[in-house]
Amino acid sequence: MGTSIAVDGSDDTGAKKPVVCFLGPMSSYTHQAALQSFSKDDVELMPVSTIKDVFETTQAGAADYGVVPIENSTHGSVVFTLDLFAECEKLYPDLSVCAEVYLKVHHCLLGYLPPPAAASLPTTTTPTASSLLVSGQCTPTPSHPQPIHPRAQPLVSLAHIKRIYSHPQAFGQCRKFFETYLRGADTVDVSSTSRAAELAASDPSGESAAVSSALAATETGLEFLGRNIEDRDDNETRFFVLWRDEGALVKGRGQQQSIKSSSGAKSQDNHASGATKSLVSFTVPHRAPGALADVLECFRKGGLDLTSINSRPSLIAPFQYIFFVEFEGHKLEDPQGRVKDVLENVGNVAESWRWLGSWENMRR
């Protein structure tokens with residue numbers, strides 16, 4: 001499920017199209033989320049190398065919007081993104097979340113086909129000792145007498161694969177496949193799944209593979225060694241759309257919107273329960289008993305449902321944390337003042353806090 005964001009693109013006067021940066025290269029899942037979020041005719045798409053680059057480019061004004069992954073339904077939160085949100089007050093003071101998009105994610109194992117002799121082996125062939133760990137067989141061993149049975153099987157022998165590139169999130173989403181068929185191969189973390197495909201394609205030995213998308217196979221010319229290798233068929237990733245112009249968001253309400261959902265929901269409908277969400281971060285006194293509970297109690301008393309809670313090291317001192325709470329409600333569309341009251345109460349009990357954005361809930 002996603003949202004299509006309408007923006008004020010170029011017109012007959014030759015005005016420049018809004019720029020949307022995303023974690024690249026092209027064909028990455030974040031690229032696909034950006035295409036799902038924006039009409040490519042209305043914006044200029046800009047791939048960047050890292051999630052940090054998305055934050056920096058958008059904060060600097062070189063891009064009007066940035067698209068970043070925030071969590072996966074199988075492997076949880078994207079800690080790289082949360083860590084950058086933790087730095088917002090210092091490094092990215094003008095950024096906030098203005099939209100979310102959900103993308104169904106089906107991973108493929110991409111690479112070059114095995115040599116003809118290995119490729120001709122039937123999948124039922126008993127592997128030799130030298131090929132056991134990367135043979136593509138789901139075979140009991142002394143150390144794994146009851147092997148895990150993943151959803152997908154390799155399409156060819158994997159005995160020639162020595163290393164696999166991908167993003168850490170992708171590896172985590174395909175754990176069963178790797179524990180079953182590729183225990184002897186090295187896994188190499190890279191910045192994105194599409195970058196992984198580029199690296200595998202550039203290895204002339206053919207011993208490298210990548211966990212990436214079907215679109216990346218088209219872009220790089222790699223073959224499919226496995227399809228739908230994720231642990232769960234309901235695997236889905238949520239992305240945030242960032243921007244730096246809070247003033248435009250405020251002015252857009254009740255007037256001509258510069259960003260909106262194409263789902264047909266009108267702004268007055270967003271007052272309904274669960275129609276919108278917001279994100280805040282906060283810290284609490286480290287040694288004050290019940291300090292975290294006191295902050296969460298503000299949301300309970302205000303009747304605002306929490307949809308997500310995360311924490312990351314605050315880097316203020318060892319083993320002290322910054323907390324992220326996502327809740328139902330909108331800071332800027334708050335006719336009953338519930339969000340305003342809750343945030344005021346949070347400010348009274350938290351050591352520090354920051355609003356990180358409000359947007360339409362795309363899962364209701």
# chains A, B, ... in the order shown; residues from 1 in each chain; ligands from 1
call {"tool": "closest_atom_pairs", "arguments": {"of": "range 140-189 of chain A", "to": "range 75-93 of chain A", "cutoff": "9 Å", "atoms": "only C-alpha atoms", "output": "tab-separated table"}}
result
residue	atom	partner	partner_atom	distance
A:Gln169	CA	A:His75	CA	6.6
A:Ala170	CA	A:His75	CA	8.4
A:Gly172	CA	A:His75	CA	5.9
A:Gln173	CA	A:His75	CA	5.8
call {"tool": "select_by_dssp", "arguments": {"residues": "range 29-122 of chain A", "states": "strand (DSSP E or B)", "output": "short mmCIF file (atom, residue, chain, number, x, y, z; two decimals) with C-alpha atoms, in the first residue's frame"}}
result
data_model
loop_
_atom_site.label_atom_id
_atom_site.label_comp_id
_atom_site.auth_asym_id
_atom_site.auth_seq_id
_atom_site.Cartn_x
_atom_site.Cartn_y
_atom_site.Cartn_z
CA PHE A 38 5.72 10.58 -6.66
CA GLU A 44 13.42 14.94 -10.76
CA LEU A 45 14.72 11.77 -9.07
CA MET A 46 18.19 11.90 -7.53
CA PRO A 47 19.88 8.68 -6.31
CA VAL A 48 22.41 9.09 -3.50
CA TYR A 65 12.15 15.62 -0.56
CA GLY A 66 14.07 12.57 0.62
CA VAL A 67 12.89 8.96 0.79
CA VAL A 68 14.37 6.61 3.41
CA PRO A 69 13.48 3.14 4.73
CA ILE A 70 12.32 3.14 8.34
CA GLU A 71 11.18 -0.41 9.17
CA ASN A 72 10.53 -3.86 7.77
CA GLY A 76 12.23 -4.59 12.31
CA SER A 77 13.50 -1.03 12.41
CA SER A 96 10.50 16.30 9.31
CA VAL A 97 8.40 13.41 8.01
CA CYS A 98 5.56 14.41 5.71
CA ALA A 99 4.40 11.05 4.31
CA GLU A 100 4.85 7.30 4.52
CA VAL A 101 4.72 4.58 1.87
CA TYR A 102 4.56 0.79 2.14
CA LEU A 103 6.27 -1.45 -0.41
CA LYS A 104 5.91 -5.22 -0.69
CA CYS A 108 15.92 -12.46 -5.45
CA LEU A 109 19.34 -14.06 -5.40
CA LEU A 110 21.09 -12.62 -8.45
CA GLY A 111 24.37 -13.70 -9.99
#
call {"tool": "closest_atom_pairs", "arguments": {"of": "range 294-337 of chain A", "to": "range 341-345 of chain A", "cutoff": "10 Å", "atoms": "only C-alpha atoms", "output": "JSON lines"}}
result
{"residue": "A:Asp294", "atom": "CA", "partner": "A:Asn345", "partner_atom": "CA", "distance": 9.6}
{"residue": "A:Val295", "atom": "CA", "partner": "A:Asn345", "partner_atom": "CA", "distance": 8.0}
{"residue": "A:Leu296", "atom": "CA", "partner": "A:Val342", "partner_atom": "CA", "distance": 9.9}
{"residue": "A:Glu297", "atom": "CA", "partner": "A:Asn345", "partner_atom": "CA", "distance": 9.5}
{"residue": "A:Cys298", "atom": "CA", "partner": "A:Val342", "partner_atom": "CA", "distance": 5.8}
{"residue": "A:Phe299", "atom": "CA", "partner": "A:Val342", "partner_atom": "CA", "distance": 6.1}
{"residue": "A:Arg300", "atom": "CA", "partner": "A:Val342", "partner_atom": "CA", "distance": 9.1}
{"residue": "A:Lys301", "atom": "CA", "partner": "A:Val342", "partner_atom": "CA", "distance": 8.1}
{"residue": "A:Gly302", "atom": "CA", "partner": "A:Val342", "partner_atom": "CA", "distance": 5.8}
{"residue": "A:Gly303", "atom": "CA", "partner": "A:Val342", "partner_atom": "CA", "distance": 8.9}
{"residue": "A:Leu304", "atom": "CA", "partner": "A:Val342", "partner_atom": "CA", "distance": 8.3}
{"residue": "A:Lys331", "atom": "CA", "partner": "A:Leu343", "partner_atom": "CA", "distance": 8.9}
{"residue": "A:Gln336", "atom": "CA", "partner": "A:Asp341", "partner_atom": "CA", "distance": 9.5}
{"residue": "A:Gly337", "atom": "CA", "partner": "A:Asp341", "partner_atom": "CA", "distance": 6.1}
call {"tool": "closest_residue", "arguments": {"among": "A:Gly206, A:Pro313, A:Gly329, A:Pro18", "to": "Asp64 in chain A", "atoms": "only C-alpha atoms"}}
result
A:Pro18
call {"tool": "select_by_dssp", "arguments": {"residues": "range 174-223 of chain A", "states": "alpha helix (DSSP H)", "output": "ChimeraX atom specification"}}
result
/A:175-181,193-201,214-220
call {"tool": "atom_distance", "arguments": {"atom1": "CA of Ser166 in chain A", "atom2": "CA of Ser191 in chain A"}}
result
7.6 Å
call {"tool": "residues_around", "arguments": {"residues": "Pro25 in chain A", "least_positions_apart": "3", "cutoff": "9 Å", "atoms": "only C-alpha atoms", "output": "PyMOL selection string"}}
result
chain A and resi 22+28+31+47-49+192-195+198
call {"tool": "atom_distance", "arguments": {"atom1": "CA of Glu328 in chain A", "atom2": "CA of Asn361 in chain A"}}
result
8.3 Å
call {"tool": "closest_residue", "arguments": {"among": "A:His167, A:Ile309, A:Arg244, A:Ile51", "to": "Ser213 in chain A", "atoms": "only C-alpha atoms"}}
result
A:His167
call {"tool": "closest_residue", "arguments": {"among": "A:Leu199, A:Ala34, A:Ala210, A:Ala288", "to": "Cys21 in chain A", "atoms": "only C-alpha atoms"}}
result
A:Ala34
call {"tool": "atom_distance", "arguments": {"atom1": "CA of Thr283 in chain A", "atom2": "CA of Arg363 in chain A"}}
result
28.2 Å
call {"tool": "closest_residue", "arguments": {"among": "A:Leu35, A:Val156, A:Ala317, A:Leu23", "to": "Asp53 in chain A", "atoms": "only C-alpha atoms"}}
result
A:Leu23
call {"tool": "closest_residue", "arguments": {"among": "A:Ser212, A:Ser73, A:Asn348, A:Ser311", "to": "Asn235 in chain A", "atoms": "only C-alpha atoms"}}
result
A:Ser73
call {"tool": "closest_residue", "arguments": {"among": "A:His107, A:Arg287, A:Arg312, A:Arg151", "to": "Val211 in chain A", "atoms": "only C-alpha atoms"}}
result
A:His107
call {"tool": "decode", "arguments": {"residues": "range 183-204 of chain A", "atoms": "N, CA, C and O atoms", "output": "mmCIF file, in the first residue's frame"}}
result
data_model
loop_
_atom_site.group_PDB
_atom_site.id
_atom_site.type_symbol
_atom_site.label_atom_id
_atom_site.label_comp_id
_atom_site.auth_asym_id
_atom_site.auth_seq_id
_atom_site.Cartn_x
_atom_site.Cartn_y
_atom_site.Cartn_z
ATOM 1 N N ARG A 183 25.354 -21.549 3.836
ATOM 2 C CA ARG A 183 26.052 -21.378 5.112
ATOM 3 C C ARG A 183 27.546 -21.169 4.933
ATOM 4 O O ARG A 183 28.198 -20.564 5.775
ATOM 5 N N GLY A 184 28.133 -21.684 3.871
ATOM 6 C CA GLY A 184 29.574 -21.555 3.690
ATOM 7 C C GLY A 184 30.001 -20.314 2.943
ATOM 8 O O GLY A 184 31.199 -20.074 2.781
ATOM 9 N N ALA A 185 29.069 -19.509 2.485
ATOM 10 C CA ALA A 185 29.428 -18.317 1.710
ATOM 11 C C ALA A 185 29.597 -17.112 2.627
ATOM 12 O O ALA A 185 28.944 -17.010 3.673
ATOM 13 N N ASP A 186 30.465 -16.201 2.227
ATOM 14 C CA ASP A 186 30.658 -14.959 2.974
ATOM 15 C C ASP A 186 29.559 -13.972 2.613
ATOM 16 O O ASP A 186 29.211 -13.815 1.431
ATOM 17 N N THR A 187 29.030 -13.292 3.610
ATOM 18 C CA THR A 187 28.055 -12.228 3.364
ATOM 19 C C THR A 187 28.728 -10.884 3.600
ATOM 20 O O THR A 187 29.426 -10.695 4.604
ATOM 21 N N VAL A 188 28.513 -9.969 2.679
ATOM 22 C CA VAL A 188 29.176 -8.655 2.707
ATOM 23 C C VAL A 188 28.105 -7.574 2.730
ATOM 24 O O VAL A 188 27.301 -7.463 1.794
ATOM 25 N N ASP A 189 28.090 -6.786 3.798
ATOM 26 C CA ASP A 189 27.121 -5.693 3.923
ATOM 27 C C ASP A 189 27.509 -4.532 3.009
ATOM 28 O O ASP A 189 28.673 -4.103 2.988
ATOM 29 N N VAL A 190 26.521 -4.004 2.285
ATOM 30 C CA VAL A 190 26.729 -2.817 1.456
ATOM 31 C C VAL A 190 25.568 -1.852 1.678
ATOM 32 O O VAL A 190 24.625 -2.149 2.410
ATOM 33 N N SER A 191 25.629 -0.700 1.034
ATOM 34 C CA SER A 191 24.700 0.384 1.356
ATOM 35 C C SER A 191 23.281 0.137 0.876
ATOM 36 O O SER A 191 22.333 0.680 1.446
ATOM 37 N N SER A 192 23.095 -0.659 -0.174
ATOM 38 C CA SER A 192 21.748 -0.912 -0.682
ATOM 39 C C SER A 192 21.751 -2.197 -1.490
ATOM 40 O O SER A 192 22.808 -2.694 -1.911
ATOM 41 N N THR A 193 20.569 -2.729 -1.735
ATOM 42 C CA THR A 193 20.464 -3.960 -2.512
ATOM 43 C C THR A 193 20.835 -3.747 -3.980
ATOM 44 O O THR A 193 21.374 -4.642 -4.626
ATOM 45 N N SER A 194 20.546 -2.571 -4.509
ATOM 46 C CA SER A 194 20.921 -2.317 -5.904
ATOM 47 C C SER A 194 22.428 -2.144 -6.046
ATOM 48 O O SER A 194 23.018 -2.542 -7.065
ATOM 49 N N ARG A 195 23.070 -1.574 -5.040
ATOM 50 C CA ARG A 195 24.529 -1.506 -5.050
ATOM 51 C C ARG A 195 25.115 -2.918 -4.987
ATOM 52 O O ARG A 195 26.129 -3.217 -5.641
ATOM 53 N N ALA A 196 24.461 -3.793 -4.231
ATOM 54 C CA ALA A 196 24.902 -5.182 -4.153
ATOM 55 C C ALA A 196 24.886 -5.830 -5.533
ATOM 56 O O ALA A 196 25.825 -6.550 -5.918
ATOM 57 N N ALA A 197 23.832 -5.581 -6.301
ATOM 58 C CA ALA A 197 23.743 -6.150 -7.643
ATOM 59 C C ALA A 197 24.855 -5.619 -8.537
ATOM 60 O O ALA A 197 25.429 -6.371 -9.341
ATOM 61 N N GLU A 198 25.176 -4.347 -8.417
ATOM 62 C CA GLU A 198 26.268 -3.778 -9.208
ATOM 63 C C GLU A 198 27.594 -4.467 -8.886
ATOM 64 O O GLU A 198 28.381 -4.772 -9.792
ATOM 65 N N LEU A 199 27.837 -4.717 -7.593
ATOM 66 C CA LEU A 199 29.094 -5.348 -7.194
ATOM 67 C C LEU A 199 29.171 -6.785 -7.692
ATOM 68 O O LEU A 199 30.224 -7.244 -8.157
ATOM 69 N N ALA A 200 28.065 -7.522 -7.589
ATOM 70 C CA ALA A 200 28.060 -8.901 -8.082
ATOM 71 C C ALA A 200 28.285 -8.941 -9.590
ATOM 72 O O ALA A 200 29.016 -9.797 -10.102
ATOM 73 N N ALA A 201 27.675 -8.007 -10.302
ATOM 74 C CA ALA A 201 27.822 -7.967 -11.758
ATOM 75 C C ALA A 201 29.245 -7.638 -12.178
ATOM 76 O O ALA A 201 29.686 -8.035 -13.270
ATOM 77 N N SER A 202 29.973 -6.917 -11.335
ATOM 78 C CA SER A 202 31.332 -6.491 -11.688
ATOM 79 C C SER A 202 32.392 -7.533 -11.364
ATOM 80 O O SER A 202 33.576 -7.317 -11.640
ATOM 81 N N ASP A 203 31.997 -8.672 -10.777
ATOM 82 C CA ASP A 203 32.952 -9.728 -10.422
ATOM 83 C C ASP A 203 33.106 -10.685 -11.599
ATOM 84 O O ASP A 203 32.214 -11.495 -11.875
ATOM 85 N N PRO A 204 34.223 -10.639 -12.314
ATOM 86 C CA PRO A 204 34.375 -11.487 -13.505
ATOM 87 C C PRO A 204 34.482 -12.967 -13.181
ATOM 88 O O PRO A 204 34.291 -13.809 -14.067
#
